[in-house]
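Source file: structure_11.csv; contents: CSV, C-alpha atoms (C1' of nucleotides).
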```
chain,number,residue,atom,x,y,z
E,1,MET,CA,-35.2,5.5,32.5
E,2,GLY,CA,-34.5,8.2,29.9
E,3,SER,CA,-30.8,7.5,29.4
E,4,GLN,CA,-31.4,3.8,28.8
E,5,TRP,CA,-33.8,4.7,26.1
E,6,GLY,CA,-31.5,7.1,24.3
E,7,VAL,CA,-32.9,10.4,25.4
E,8,ASN,CA,-31.7,12.8,28.0
E,9,ARG,CA,-33.2,13.5,31.4
E,10,SER,CA,-35.1,16.7,30.5
E,11,VAL,CA,-36.7,15.1,27.5
E,12,ALA,CA,-37.8,12.1,29.5
E,13,GLN,CA,-39.1,14.2,32.3
E,14,ILE,CA,-41.1,16.5,30.0
E,15,HIS,CA,-42.5,13.5,28.2
E,16,ALA,CA,-43.6,11.9,31.5
E,17,LEU,CA,-45.1,15.1,32.7
E,18,LEU,CA,-47.1,15.6,29.5
E,19,PHE,CA,-48.1,11.9,29.4
E,20,LEU,CA,-49.6,12.2,32.8
E,21,SER,CA,-51.0,15.7,32.4
E,22,VAL,CA,-54.8,15.9,31.8
E,23,ASN,CA,-54.7,19.2,30.0
E,24,PRO,CA,-52.2,20.8,27.6
E,25,LEU,CA,-49.3,22.6,29.1
E,26,ASN,CA,-47.2,25.5,27.7
E,27,ALA,CA,-43.5,25.8,27.9
E,28,GLU,CA,-43.4,28.0,30.9
E,29,GLU,CA,-45.6,25.7,32.9
E,30,ILE,CA,-43.3,22.8,32.1
E,31,SER,CA,-40.3,24.9,33.0
E,32,ASP,CA,-41.8,25.8,36.4
E,33,GLN,CA,-43.2,22.4,37.2
E,34,LEU,CA,-39.9,20.6,36.6
E,35,GLY,CA,-37.5,23.4,37.5
E,36,ILE,CA,-35.6,23.3,34.3
E,37,ALA,CA,-34.6,26.3,32.1
E,38,ARG,CA,-36.9,27.6,29.6
E,39,SER,CA,-34.5,27.2,26.8
E,40,ASN,CA,-33.9,23.6,27.7
E,41,VAL,CA,-37.6,23.0,27.6
E,42,SER,CA,-37.8,24.5,24.2
E,43,ASN,CA,-35.1,22.1,22.8
E,44,SER,CA,-36.6,19.1,24.5
E,45,LEU,CA,-40.0,19.9,23.2
E,46,LYS,CA,-38.5,20.1,19.7
E,47,GLU,CA,-37.0,16.6,20.1
E,48,LEU,CA,-40.3,15.2,21.4
E,49,VAL,CA,-42.2,16.7,18.5
E,50,GLY,CA,-39.5,15.1,16.2
E,51,TRP,CA,-40.4,11.7,17.7
E,52,LYS,CA,-44.1,12.6,17.3
E,53,LEU,CA,-44.6,11.7,20.9
E,54,ILE,CA,-46.2,15.1,21.6
E,55,ARG,CA,-47.8,17.7,19.4
E,56,ARG,CA,-48.6,21.4,19.6
E,57,VAL,CA,-52.1,22.4,20.3
E,58,PRO,CA,-53.5,25.8,20.1
E,59,VAL,CA,-55.4,26.9,23.2
E,60,PRO,CA,-58.1,29.5,22.4
E,61,GLY,CA,-57.5,32.8,24.0
E,62,ASP,CA,-53.9,32.1,24.8
E,63,ARG,CA,-51.1,33.2,22.6
E,64,ARG,CA,-48.7,30.7,24.0
E,65,GLU,CA,-48.0,27.3,22.4
E,66,HIS,CA,-49.4,24.4,24.3
E,67,PHE,CA,-48.4,20.7,24.1
E,68,VAL,CA,-50.1,17.4,24.6
E,69,ALA,CA,-48.6,13.9,24.6
E,70,GLU,CA,-49.9,11.0,22.6
E,71,VAL,CA,-51.7,9.1,25.4
E,72,ASP,CA,-52.4,5.9,23.6
E,73,VAL,CA,-49.6,3.7,24.6
E,74,TRP,CA,-49.8,1.5,21.5
E,75,GLU,CA,-49.6,4.5,19.3
E,76,MET,CA,-46.6,5.7,21.4
E,77,ALA,CA,-44.9,2.4,20.9
E,78,LEU,CA,-45.5,2.6,17.1
E,79,ARG,CA,-44.0,6.1,16.9
E,80,ILE,CA,-41.0,5.1,18.9
E,81,ALA,CA,-40.5,2.0,16.7
E,82,GLN,CA,-40.8,4.2,13.6
E,83,GLY,CA,-38.3,6.7,14.9
E,84,ARG,CA,-35.8,4.0,15.8
E,85,LYS,CA,-36.2,2.4,12.4
E,86,GLU,CA,-35.4,5.7,10.8
E,87,ARG,CA,-32.4,6.4,13.1
E,88,GLU,CA,-31.0,2.9,13.3
E,89,ILE,CA,-32.0,0.7,10.4
E,90,ASP,CA,-32.2,3.2,7.5
E,91,PRO,CA,-28.7,4.6,8.1
E,92,ALA,CA,-27.4,1.1,8.6
E,93,ILE,CA,-28.7,0.2,5.2
E,94,SER,CA,-27.0,3.1,3.6
E,95,ALA,CA,-23.8,2.2,5.4
E,96,ILE,CA,-23.7,-1.4,4.4
E,97,ASP,CA,-24.7,-0.6,0.8
E,98,SER,CA,-21.7,1.7,0.5
E,99,CYS,CA,-19.4,-0.8,2.1
E,100,VAL,CA,-20.5,-3.5,-0.4
E,101,GLU,CA,-20.0,-0.9,-3.2
E,102,GLN,CA,-16.5,-0.3,-2.0
E,103,ALA,CA,-15.8,-3.9,-1.6
E,104,LYS,CA,-16.6,-4.6,-5.2
E,105,LYS,CA,-13.7,-2.4,-6.2
E,106,GLU,CA,-11.3,-4.4,-4.0
E,107,PRO,CA,-10.3,-7.4,-6.2
E,108,ASP,CA,-8.2,-9.3,-3.6
E,109,LEU,CA,-10.7,-9.3,-0.8
E,110,ASN,CA,-11.3,-12.6,1.0
E,111,PRO,CA,-14.5,-14.1,-0.4
E,112,ILE,CA,-15.6,-15.0,3.2
E,113,VAL,CA,-15.5,-11.3,4.1
E,114,VAL,CA,-17.5,-10.4,1.1
E,115,ALA,CA,-20.0,-13.1,1.9
E,116,ARG,CA,-20.4,-11.8,5.5
E,117,MET,CA,-21.0,-8.3,4.2
E,118,HIS,CA,-23.7,-9.6,1.9
E,119,GLU,CA,-25.4,-11.6,4.6
E,120,MET,CA,-25.5,-8.4,6.7
E,121,GLN,CA,-26.9,-6.5,3.7
E,122,ASP,CA,-29.5,-9.1,3.1
E,123,PHE,CA,-30.5,-9.2,6.7
E,124,LEU,CA,-30.9,-5.5,6.9
E,125,GLU,CA,-33.1,-5.4,3.8
E,126,THR,CA,-35.3,-8.1,5.2
E,127,ALA,CA,-35.6,-6.3,8.5
E,128,ASP,CA,-36.4,-3.1,6.7
E,129,ARG,CA,-39.2,-4.7,4.7
E,130,TRP,CA,-40.5,-6.5,7.8
E,131,SER,CA,-40.6,-3.4,10.0
E,132,ASN,CA,-42.3,-1.4,7.3
E,133,GLN,CA,-45.0,-4.0,7.2
E,134,MET,CA,-45.3,-4.2,11.0
E,135,LEU,CA,-45.6,-0.4,11.2
E,136,ASN,CA,-48.5,-0.5,8.9
E,137,VAL,CA,-50.5,-3.1,10.9
E,138,PRO,CA,-53.5,-1.2,12.4
E,139,LYS,CA,-53.0,-0.5,16.1
E,140,SER,CA,-56.0,-2.5,17.1
E,141,LYS,CA,-54.9,-5.6,15.4
E,142,LEU,CA,-51.4,-5.3,16.7
E,143,ASN,CA,-52.8,-5.1,20.2
E,144,MET,CA,-54.9,-8.1,19.6
E,145,LEU,CA,-52.1,-10.1,18.1
E,146,MET,CA,-49.8,-9.4,21.0
E,147,LYS,CA,-52.4,-10.0,23.6
E,148,MET,CA,-53.2,-13.3,22.1
E,149,GLY,CA,-49.6,-14.2,22.4
E,150,ASP,CA,-48.9,-17.9,22.6
E,151,LYS,CA,-52.0,-18.7,20.7
E,152,VAL,CA,-50.6,-17.0,17.6
E,153,PHE,CA,-47.3,-18.8,18.0
E,154,SER,CA,-48.7,-22.2,18.3
E,155,LEU,CA,-51.1,-21.5,15.4
E,156,LEU,CA,-48.0,-20.7,13.2
E,157,LYS,CA,-46.2,-23.7,14.7
E,158,LEU,CA,-43.4,-21.4,15.5
E,159,THR,CA,-42.3,-22.6,18.9
E,160,GLY,CA,-39.8,-25.3,19.6
E,161,LYS,CA,-36.1,-25.5,19.8
E,162,LYS,CA,-35.1,-27.4,16.7
E,163,THR,CA,-32.4,-25.1,15.2
E,164,GLU,CA,-31.7,-22.6,17.8
A,1,MET,CA,-23.1,3.7,13.2
A,2,GLY,CA,-22.0,2.9,16.7
A,3,SER,CA,-23.3,6.0,18.5
A,4,GLN,CA,-26.8,5.6,16.9
A,5,TRP,CA,-26.9,2.1,18.3
A,6,GLY,CA,-26.0,3.0,21.8
A,7,VAL,CA,-22.4,1.8,21.9
A,8,ASN,CA,-19.2,3.8,21.6
A,9,ARG,CA,-16.9,4.0,18.7
A,10,SER,CA,-14.3,1.5,20.0
A,11,VAL,CA,-16.9,-1.1,20.7
A,12,ALA,CA,-18.4,-0.7,17.3
A,13,GLN,CA,-15.0,-0.8,15.5
A,14,ILE,CA,-13.9,-3.9,17.4
A,15,HIS,CA,-17.1,-5.6,16.7
A,16,ALA,CA,-16.9,-4.8,13.0
A,17,LEU,CA,-13.3,-6.0,12.9
A,18,LEU,CA,-14.1,-9.3,14.5
A,19,PHE,CA,-17.3,-9.8,12.4
A,20,LEU,CA,-15.2,-9.5,9.3
A,21,SER,CA,-12.2,-11.4,10.5
A,22,VAL,CA,-11.8,-14.9,9.2
A,23,ASN,CA,-9.8,-16.1,12.2
A,24,PRO,CA,-9.8,-15.3,16.0
A,25,LEU,CA,-7.9,-12.2,17.1
A,26,ASN,CA,-6.3,-11.4,20.4
A,27,ALA,CA,-6.5,-8.1,22.2
A,28,GLU,CA,-3.1,-6.9,21.0
A,29,GLU,CA,-3.8,-7.6,17.3
A,30,ILE,CA,-7.1,-5.7,17.7
A,31,SER,CA,-5.2,-2.8,19.4
A,32,ASP,CA,-2.7,-2.7,16.6
A,33,GLN,CA,-5.1,-3.0,13.7
A,34,LEU,CA,-7.4,-0.3,15.0
A,35,GLY,CA,-4.8,1.9,16.7
A,36,ILE,CA,-6.6,2.1,20.0
A,37,ALA,CA,-5.2,1.6,23.4
A,38,ARG,CA,-4.8,-1.9,24.8
A,39,SER,CA,-6.9,-1.0,27.9
A,40,ASN,CA,-9.7,0.4,25.8
A,41,VAL,CA,-9.7,-2.8,23.8
A,42,SER,CA,-10.0,-4.8,27.1
A,43,ASN,CA,-13.1,-2.8,28.2
A,44,SER,CA,-14.7,-2.9,24.8
A,45,LEU,CA,-14.3,-6.7,24.6
A,46,LYS,CA,-15.9,-7.0,27.9
A,47,GLU,CA,-18.9,-5.1,26.7
A,48,LEU,CA,-19.2,-7.1,23.6
A,49,VAL,CA,-19.0,-10.3,25.6
A,50,GLY,CA,-21.7,-8.9,27.8
A,51,TRP,CA,-23.9,-8.5,24.7
A,52,LYS,CA,-22.9,-12.0,23.6
A,53,LEU,CA,-21.9,-10.7,20.3
A,54,ILE,CA,-18.4,-12.1,20.6
A,55,ARG,CA,-16.9,-14.9,22.7
A,56,ARG,CA,-13.5,-16.0,23.9
A,57,VAL,CA,-11.9,-18.8,22.1
A,58,PRO,CA,-8.8,-20.6,23.2
A,59,VAL,CA,-6.1,-20.9,20.5
A,60,PRO,CA,-3.9,-24.0,21.0
A,61,GLY,CA,-0.3,-23.1,21.7
A,62,ASP,CA,-1.1,-19.5,22.4
A,63,ARG,CA,-1.5,-18.2,26.0
A,64,ARG,CA,-3.4,-15.1,24.9
A,65,GLU,CA,-7.1,-14.9,24.8
A,66,HIS,CA,-8.6,-14.8,21.4
A,67,PHE,CA,-12.0,-13.6,20.3
A,68,VAL,CA,-14.5,-14.4,17.6
A,69,ALA,CA,-17.7,-12.7,16.7
A,70,GLU,CA,-21.0,-14.4,16.2
A,71,VAL,CA,-21.2,-14.4,12.4
A,72,ASP,CA,-24.8,-15.5,11.9
A,73,VAL,CA,-26.6,-12.2,11.4
A,74,TRP,CA,-29.9,-13.6,12.7
A,75,GLU,CA,-28.3,-14.9,15.8
A,76,MET,CA,-26.7,-11.5,16.2
A,77,ALA,CA,-30.0,-9.8,15.9
A,78,LEU,CA,-31.5,-12.1,18.5
A,79,ARG,CA,-28.7,-11.3,21.0
A,80,ILE,CA,-29.1,-7.6,20.4
A,81,ALA,CA,-32.8,-7.9,20.9
A,82,GLN,CA,-32.3,-9.9,24.0
A,83,GLY,CA,-29.9,-7.3,25.4
A,84,ARG,CA,-32.1,-4.4,24.6
A,85,LYS,CA,-35.1,-6.1,26.3
A,86,GLU,CA,-33.0,-6.6,29.4
A,87,ARG,CA,-31.8,-3.1,29.4
A,88,GLU,CA,-34.9,-1.3,28.3
A,89,ILE,CA,-38.1,-3.3,28.9
A,90,ASP,CA,-37.2,-5.0,32.2
A,91,PRO,CA,-36.2,-1.9,34.1
A,92,ALA,CA,-39.1,0.0,32.6
A,93,ILE,CA,-41.4,-2.7,34.1
A,94,SER,CA,-39.8,-2.3,37.6
A,95,ALA,CA,-40.1,1.4,37.3
A,96,ILE,CA,-43.8,1.5,36.3
A,97,ASP,CA,-44.6,-1.1,39.0
A,98,SER,CA,-43.1,1.0,41.7
A,99,CYS,CA,-44.9,4.1,40.3
A,100,VAL,CA,-48.2,2.3,40.4
A,101,GLU,CA,-47.4,1.2,43.9
A,102,GLN,CA,-46.7,4.7,45.0
A,103,ALA,CA,-49.8,6.0,43.3
A,104,LYS,CA,-52.0,3.7,45.3
A,105,LYS,CA,-50.9,5.5,48.4
A,106,GLU,CA,-52.0,8.9,47.0
A,107,PRO,CA,-55.7,9.1,47.6
A,108,ASP,CA,-56.4,12.4,45.8
A,109,LEU,CA,-54.8,11.5,42.5
A,110,ASN,CA,-56.7,12.2,39.4
A,111,PRO,CA,-58.3,9.0,38.1
A,112,ILE,CA,-57.3,9.8,34.6
A,113,VAL,CA,-53.6,9.9,35.7
A,114,VAL,CA,-54.0,6.5,37.4
A,115,ALA,CA,-55.6,5.1,34.4
A,116,ARG,CA,-52.8,6.2,32.2
A,117,MET,CA,-50.3,4.6,34.5
A,118,HIS,CA,-52.2,1.4,34.3
A,119,GLU,CA,-52.3,1.4,30.6
A,120,MET,CA,-48.6,1.9,30.5
A,121,GLN,CA,-48.1,-1.0,32.9
A,122,ASP,CA,-50.4,-3.3,31.0
A,123,PHE,CA,-48.6,-2.4,27.7
A,124,LEU,CA,-45.2,-3.1,29.1
A,125,GLU,CA,-46.3,-6.5,30.5
A,126,THR,CA,-47.8,-7.4,27.2
A,127,ALA,CA,-44.6,-6.3,25.4
A,128,ASP,CA,-42.6,-8.3,27.8
A,129,ARG,CA,-44.5,-11.5,27.3
A,130,TRP,CA,-44.4,-11.0,23.5
A,131,SER,CA,-40.7,-10.4,23.3
A,132,ASN,CA,-40.0,-13.4,25.5
A,133,GLN,CA,-41.9,-15.5,23.0
A,134,MET,CA,-40.3,-14.0,20.0
A,135,LEU,CA,-36.9,-14.6,21.4
A,136,ASN,CA,-37.7,-18.3,21.8
A,137,VAL,CA,-38.8,-18.7,18.2
A,138,PRO,CA,-36.1,-20.8,16.5
A,139,LYS,CA,-33.8,-18.8,14.3
A,140,SER,CA,-34.6,-20.7,11.1
A,141,LYS,CA,-38.3,-20.1,11.6
A,142,LEU,CA,-37.8,-16.4,12.4
A,143,ASN,CA,-35.8,-16.1,9.2
A,144,MET,CA,-38.5,-17.9,7.2
A,145,LEU,CA,-41.3,-15.8,8.8
A,146,MET,CA,-39.6,-12.5,8.0
A,147,LYS,CA,-38.6,-13.5,4.5
A,148,MET,CA,-42.1,-14.5,3.7
A,149,GLY,CA,-43.2,-11.1,4.7
A,150,ASP,CA,-46.4,-10.0,3.2
A,151,LYS,CA,-47.7,-13.5,2.8
A,152,VAL,CA,-47.8,-13.9,6.6
A,153,PHE,CA,-49.5,-10.6,7.0
A,154,SER,CA,-52.2,-11.3,4.5
A,155,LEU,CA,-52.7,-14.8,5.9
A,156,LEU,CA,-53.4,-13.3,9.3
A,157,LYS,CA,-55.5,-10.6,7.6
A,158,LEU,CA,-53.6,-8.0,9.4
A,159,THR,CA,-53.1,-5.4,6.8
A,160,GLY,CA,-55.5,-2.5,6.2
A,161,LYS,CA,-56.1,0.9,7.7
A,162,LYS,CA,-59.3,0.5,9.6
A,163,THR,CA,-58.4,1.8,13.0
A,164,GLU,CA,-55.0,3.4,12.6
T,1,DC,C1',-44.7,51.6,13.7
T,2,DT,C1',-43.7,50.7,18.4
T,3,DT,C1',-44.1,48.0,22.4
T,4,DT,C1',-44.9,43.9,24.6
T,5,DT,C1',-44.7,38.9,25.0
T,6,DA,C1',-43.5,34.3,23.3
T,7,DT,C1',-40.0,31.4,21.3
T,8,DT,C1',-35.6,30.0,19.5
T,9,DT,C1',-30.7,30.2,18.9
T,10,DC,C1',-26.3,31.3,20.9
T,11,DT,C1',-22.7,31.2,24.5
T,12,DG,C1',-20.4,29.3,28.2
T,13,DC,C1',-19.9,26.5,32.0
T,14,DA,C1',-20.7,21.9,34.4
T,15,DT,C1',-21.0,17.2,34.2
T,16,DA,C1',-20.4,12.8,32.0
T,17,DT,C1',-18.3,9.8,28.7
T,18,DA,C1',-14.4,8.1,26.0
T,19,DC,C1',-10.0,6.8,25.8
T,20,DA,C1',-4.8,6.5,26.6
T,21,DG,C1',-1.1,5.3,29.5
T,22,DA,C1',0.4,3.7,34.0
T,23,DA,C1',0.0,0.7,37.7
T,24,DA,C1',-1.7,-3.5,39.6
T,25,DT,C1',-3.3,-8.1,39.4
T,26,DA,C1',-3.5,-12.6,37.6
T,27,DA,C1',-1.8,-16.5,35.1
T,28,DA,C1',1.6,-19.4,33.1
T,29,DG,C1',6.6,-21.0,32.4
T,30,DG,C1',10.8,-22.1,34.0
J,1,DC,C1',8.9,-19.6,44.0
J,2,DC,C1',10.5,-16.4,40.9
J,3,DT,C1',10.2,-14.4,36.3
J,4,DT,C1',7.9,-13.4,32.3
J,5,DT,C1',3.8,-12.3,29.9
J,6,DA,C1',-1.2,-11.4,29.5
J,7,DT,C1',-5.1,-9.0,31.3
J,8,DT,C1',-7.6,-5.8,34.1
J,9,DT,C1',-8.3,-1.9,36.9
J,10,DC,C1',-7.0,2.8,38.0
J,11,DT,C1',-6.0,7.6,37.0
J,12,DG,C1',-5.8,11.7,34.4
J,13,DT,C1',-7.0,14.2,30.3
J,14,DA,C1',-9.6,15.2,26.1
J,15,DT,C1',-13.9,15.4,24.0
J,16,DA,C1',-18.8,15.5,23.9
J,17,DT,C1',-23.2,16.3,25.9
J,18,DG,C1',-26.4,18.6,29.0
J,19,DC,C1',-28.2,22.5,30.5
J,20,DA,C1',-28.8,27.4,32.2
J,21,DG,C1',-28.9,32.3,31.2
J,22,DA,C1',-28.4,35.8,27.8
J,23,DA,C1',-29.1,37.5,23.4
J,24,DA,C1',-31.6,37.4,19.2
J,25,DT,C1',-35.6,36.6,16.5
J,26,DA,C1',-40.3,36.3,15.6
J,27,DA,C1',-45.1,37.1,16.4
J,28,DA,C1',-48.9,39.6,18.2
J,29,DA,C1',-51.2,43.9,20.4
J,30,DG,C1',-51.9,48.4,20.7
```

Conversion result in structure tokens:
Amino acid sequence: MGSQWGVNRSVAQIHALLFLSVNPLNAEEISDQLGIARSNVSNSLKELVGWKLIRRVPVPGDRREHFVAEVDVWEMALRIAQGRKEREIDPAISAIDSCVEQAKKEPDLNPIVVARMHEMQDFLETADRWSNQMLNVPKSKLNMLMKMGDKVFSLLKLTGKKTE
Amino acid sequence: MGSQWGVNRSVAQIHALLFLSVNPLNAEEISDQLGIARSNVSNSLKELVGWKLIRRVPVPGDRREHFVAEVDVWEMALRIAQGRKEREIDPAISAIDSCVEQAKKEPDLNPIVVARMHEMQDFLETADRWSNQMLNVPKSKLNMLMKMGDKVFSLLKLTGKKTE
DNA sequence: CTTTTATTTCTGCATATACAGAAATAAAGG
DNA sequence: CCTTTATTTCTGTATATGCAGAAATAAAAG
């Protein structure tokens, strides 16, 4: 799956291994188990720590760094969502903002073009606010909300096909 | 932005061009405007059509195929979400299902490991149902819902930090 | 302070992806 | 049906990414 999700094979493999591992593993154990180079493990672990999908844990009486994965799947999903927002939405907002800025200086720009840029900007801002809020919903409630599924949708009278 | 969003430069460039273009463009115009090879344009257009972010439009009196982008940003977002679900969630479900299947055959597998696999499976199924529902919410209501933002959250009493 | 051991960064090769130009195919016009 | 024009597929090359092994750095032990 890794490549579809935007991480390379080693990263995906290591994450899977740690997710299914009952006890913390050190870099060498990972390297041996998966048969990938020690250096590669090091870089992959760094990336996974960056996504907050794993964390370092000290094992008493052992000098080596050990790692464990976040095992709560909802927490995992939140972290991934958070990471994606930072990597995809936030830079997109900066980009569109500077585009709009530039566009202001161009006097003879088709108004339709300017309008489209503004719609995009407005959308991204809304998406940003919304995701910030979603990411702050406590895990348990998120879980409940999604498990309830259709009940929530009919409660909010959101279903139907009127405009879409 | 392209690379961050999982598409290559040409695809992103062409999409941007069409999104900001007031009238339909044909492949050659795109090739000229952006200075990329005609063949590259062809493949990129195919990908964008696959995402349903652009569509072919016949221009009367012109044999060549012309293309226009979906200009409604909400519709665009829905299509991207749809595409990502198909590429990321659906195959992940197949993958976890076959893993769980395999695991059944392994009698001496640590129960904790099996439990984690099931949690993952359960989560993915929930996410699948949820996203299917979200994708069926009419655009206008989605827009409204997200614009209202915090009001919806407080209505549902979803905010707070209890368990997270 | 020196030696040992863990970890990270560097370097180079291998593989994969992006892309241009050529060739092939398909579609329309005469 | 043949010619012209549009479009797609194929092929080679350039570039980027992935990854191993070596070198360098950092940390702990003696």

Subject >> chain E contacts on chain J, all atoms listed in the file, 12 Å, as a ChimeraX atom specification >> reply: /J:17-22,27-29

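Using all atoms listed in the file for every distance, the candidate list E:Asp72, E:Glu65, E:Glu119, E:Asp97 yields E:Glu65 as the residue closest to chain T.
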
**OP:** Would you give me, as a ChimeraX atom specification, the residues of chain E that come within 8 Å of chain A, using all atoms listed in the file?
**Re:** /E:1,4-6,19-22,71,73-74,87-88,91-92,95,112-113,116-117,119-120,123,126-127,129-130,133,136-141,146-147,149-150,158-164

How would the residues just chosen look if you wrote them out with C-alpha atoms as a compact mmCIF listing (two decimals), in the frame of the given file?
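Result went into result_32.txt, see below:
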```
# COMPACT_ATOMS: atom_id res chain seq x y z
CA MET E 1 -35.20 5.50 32.50
CA GLN E 4 -31.40 3.80 28.80
CA TRP E 5 -33.80 4.70 26.10
CA GLY E 6 -31.50 7.10 24.30
CA PHE E 19 -48.10 11.90 29.40
CA LEU E 20 -49.60 12.20 32.80
CA SER E 21 -51.00 15.70 32.40
CA VAL E 22 -54.80 15.90 31.80
CA VAL E 71 -51.70 9.10 25.40
CA VAL E 73 -49.60 3.70 24.60
CA TRP E 74 -49.80 1.50 21.50
CA ARG E 87 -32.40 6.40 13.10
CA GLU E 88 -31.00 2.90 13.30
CA PRO E 91 -28.70 4.60 8.10
CA ALA E 92 -27.40 1.10 8.60
CA ALA E 95 -23.80 2.20 5.40
CA ILE E 112 -15.60 -15.00 3.20
CA VAL E 113 -15.50 -11.30 4.10
CA ARG E 116 -20.40 -11.80 5.50
CA MET E 117 -21.00 -8.30 4.20
CA GLU E 119 -25.40 -11.60 4.60
CA MET E 120 -25.50 -8.40 6.70
CA PHE E 123 -30.50 -9.20 6.70
CA THR E 126 -35.30 -8.10 5.20
CA ALA E 127 -35.60 -6.30 8.50
CA ARG E 129 -39.20 -4.70 4.70
CA TRP E 130 -40.50 -6.50 7.80
CA GLN E 133 -45.00 -4.00 7.20
CA ASN E 136 -48.50 -0.50 8.90
CA VAL E 137 -50.50 -3.10 10.90
CA PRO E 138 -53.50 -1.20 12.40
CA LYS E 139 -53.00 -0.50 16.10
CA SER E 140 -56.00 -2.50 17.10
CA LYS E 141 -54.90 -5.60 15.40
CA MET E 146 -49.80 -9.40 21.00
CA LYS E 147 -52.40 -10.00 23.60
CA GLY E 149 -49.60 -14.20 22.40
CA ASP E 150 -48.90 -17.90 22.60
CA LEU E 158 -43.40 -21.40 15.50
CA THR E 159 -42.30 -22.60 18.90
CA GLY E 160 -39.80 -25.30 19.60
CA LYS E 161 -36.10 -25.50 19.80
CA LYS E 162 -35.10 -27.40 16.70
CA THR E 163 -32.40 -25.10 15.20
CA GLU E 164 -31.70 -22.60 17.80
```

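The gap separating C1' of DA24 in chain J from CA of Asp62 in chain E is 23.6 Å, in Å to one decimal.
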
**OP:** Would you mind reading off the distance between CA of His15 in chain A and C1' of DT8 in chain J, one decimal, in Å?
**Re:** 19.8 Å

Original post:
What is the CA of Leu17 in chain E-C1' of DT15 in chain T distance in Å, reported with one decimal?
Top reply: 24.2 Å

Counting all atoms listed in the file, give me one row per residue of chain T with an atom at most 10 Å from an atom of chain A, showing the shortest contact pair and its distance in Å to one decimal, sorted by chain then residue number, as CSV.
```
residue,atom,partner,partner_atom,distance
T:DT17,C1',A:Asn8,CA,9.3
T:DA18,C1',A:Asn8,CA,7.8
T:DC19,C1',A:Asn40,CA,6.4
T:DA20,C1',A:Ala37,CA,5.9
T:DG21,C1',A:Ala37,CA,8.2
T:DA27,C1',A:Arg63,CA,9.3
T:DA28,C1',A:Arg63,CA,7.8
```

**OP:** With a distance cut-off of 10 Å and all atoms listed in the file, select the neighbouring residues of DT3 in chain J, excluding the residue or stretch itself and same-chain residues fewer than 2 positions from it, and output the selection as a list in words.
**Re:** DG29 and DG30 of chain T; DC1 and DT5 of chain J
